[in-house]
Every structure is written in structure tokens, then in C-alpha cells.
Amino acid sequence: MRIGELARATGVSVRLLRYYEEQGLLTSRRAGGGHRHYTPDAVATVARIRALLAAGLPTKVIRDVLPCALGDGPEVDACVQDLLRRQLADLDTRIAELQAARASLGGLLDASERASAAVPAPA
């Protein structure tokens, strides 16, 4: 199938499909005139890429995970489960850091609003 057909079948833009190919996530063969042609399993590959992106994985990690995909779903073989565990731990760390930053910003805003309320309005 050509790139436009793959885009329609997956709901992913042609531009994004080209990006996936540039990142080594998706492969095509070139026909006459330089047109990209994809195998029928490209639809499942794009769905898998989308699921892994939705899980917060960067494309460089997805490139390592894709060869270990099982079946048509997002499941992966044991060969990359440790990598996914590290990614999950990194997400947990970032979430904790964001929660701390949010609490700090909330405290700053609360203190600022109290200080503003305590200042008498100019006459």
C-alpha cells in the first residue's frame, strides 16, 4: 500500500508516517518514481507505535521495543520488559518532581495572593 493509503487506514498523517520512517520505526520499499510502499502489516506497526507513544515512550525507546512486539497488540516479549520498567520508574520520578513543583508554585501563589489582599488599596 502507498503512504496515502496507510495514512487513511491508520488515521495518522502522511507527515507523521514519514517521521516514523525517519526515526527507524516504520519501513517501506521504494517503487518507481520514489513512491513509498508498505506491507499490509504496516497498519499493525503504526497502531503499535501509537500505543507505545501514548504510554509515554520516546521514539528512541520505541525503536528498541518494536522488534520484541508480540502479536497484533501492544504486548512485548521479556527481552525489553526491563527497559520498560526503567521507563516506568523514570516517569514516576518525573511525576514526583512535577508534583513537588506544583506544590511549590501553589504555595507561592497563595502567599502572593495573601500579601496582595493585605496591602491597602491606594486612595
# chains A, B, ... in the order shown; residues from 1 in each chain; ligands from 1
call {"tool": "closest_atom_pairs", "arguments": {"of": "region 7-62 of chain A", "to": "region 67-88 of chain A", "cutoff": "7 Å", "atoms": "only C-alpha atoms", "output": "Markdown table"}}
result
| residue | atom | partner | partner_atom | distance |
| --- | --- | --- | --- | --- |
| A:Ala44 | CA | A:Asp72 | CA | 6.1 |
| A:Arg48 | CA | A:Pro74 | CA | 5.4 |
| A:Ala51 | CA | A:Pro74 | CA | 6.5 |
call {"tool": "select_by_dssp", "arguments": {"residues": "chain A", "states": "strand (DSSP E)", "output": "list of chain:residue names"}}
result
A:Arg29, A:Arg30, A:Arg36, A:His37
call {"tool": "atom_distance", "arguments": {"atom1": "CA of Arg50 (chain A)", "atom2": "CA of Gln23 (chain A)"}}
result
13.7 Å
call {"tool": "atom_distance", "arguments": {"atom1": "CA of Arg30 (chain A)", "atom2": "CA of Val14 (chain A)"}}
result
15.4 Å
call {"tool": "select_by_dssp", "arguments": {"residues": "chain A", "states": "helix (DSSP H, G or I)", "output": "NGL selection string"}}
result
:A and (3-10 or 14-22 or 32-34 or 42-54 or 59-68 or 78-118)
call {"tool": "closest_residue", "arguments": {"among": "A:Leu108, A:Leu25, A:Ala103, A:Ala96", "to": "Leu66 (chain A)", "atoms": "only C-alpha atoms"}}
result
A:Leu25
call {"tool": "residues_around", "arguments": {"residues": "Gly4 (chain A)", "least_positions_apart": "3", "cutoff": "12 Å", "atoms": "only C-alpha atoms", "output": "PyMOL selection string"}}
result
chain A and resi 1+7-18+35-38
call {"tool": "write_last_selection", "arguments": {"atoms": "C-alpha atoms", "output": "CSV table (one decimal), in the first residue's frame"}}
result
chain,number,residue,atom,x,y,z
A,1,MET,CA,0.0,0.0,0.0
A,7,ALA,CA,-2.5,7.3,6.4
A,8,ARG,CA,-6.2,6.7,5.7
A,9,ALA,CA,-6.1,3.2,7.2
A,10,THR,CA,-4.4,4.3,10.4
A,11,GLY,CA,-5.7,7.9,10.8
A,12,VAL,CA,-2.1,9.1,11.0
A,13,SER,CA,-0.9,11.9,8.8
A,14,VAL,CA,1.4,11.3,5.9
A,15,ARG,CA,3.9,13.7,7.5
A,16,LEU,CA,3.9,11.7,10.8
A,17,LEU,CA,4.3,8.4,8.8
A,18,ARG,CA,7.4,9.9,7.2
A,35,HIS,CA,6.9,6.3,-4.0
A,36,ARG,CA,6.9,4.5,-0.7
A,37,HIS,CA,5.1,1.2,-0.5
A,38,TYR,CA,4.2,-0.6,2.8
call {"tool": "closest_residue", "arguments": {"among": "A:Gly107, A:Asp64, A:Tyr20, A:Arg2", "to": "Gly34 (chain A)", "atoms": "only C-alpha atoms"}}
result
A:Arg2
call {"tool": "residues_around", "arguments": {"residues": "Gly56 (chain A)", "least_positions_apart": "3", "cutoff": "12 Å", "atoms": "only C-alpha atoms", "output": "MDAnalysis selection string"}}
result
chainID A and resid 49:53 59:62 84 87:92 94
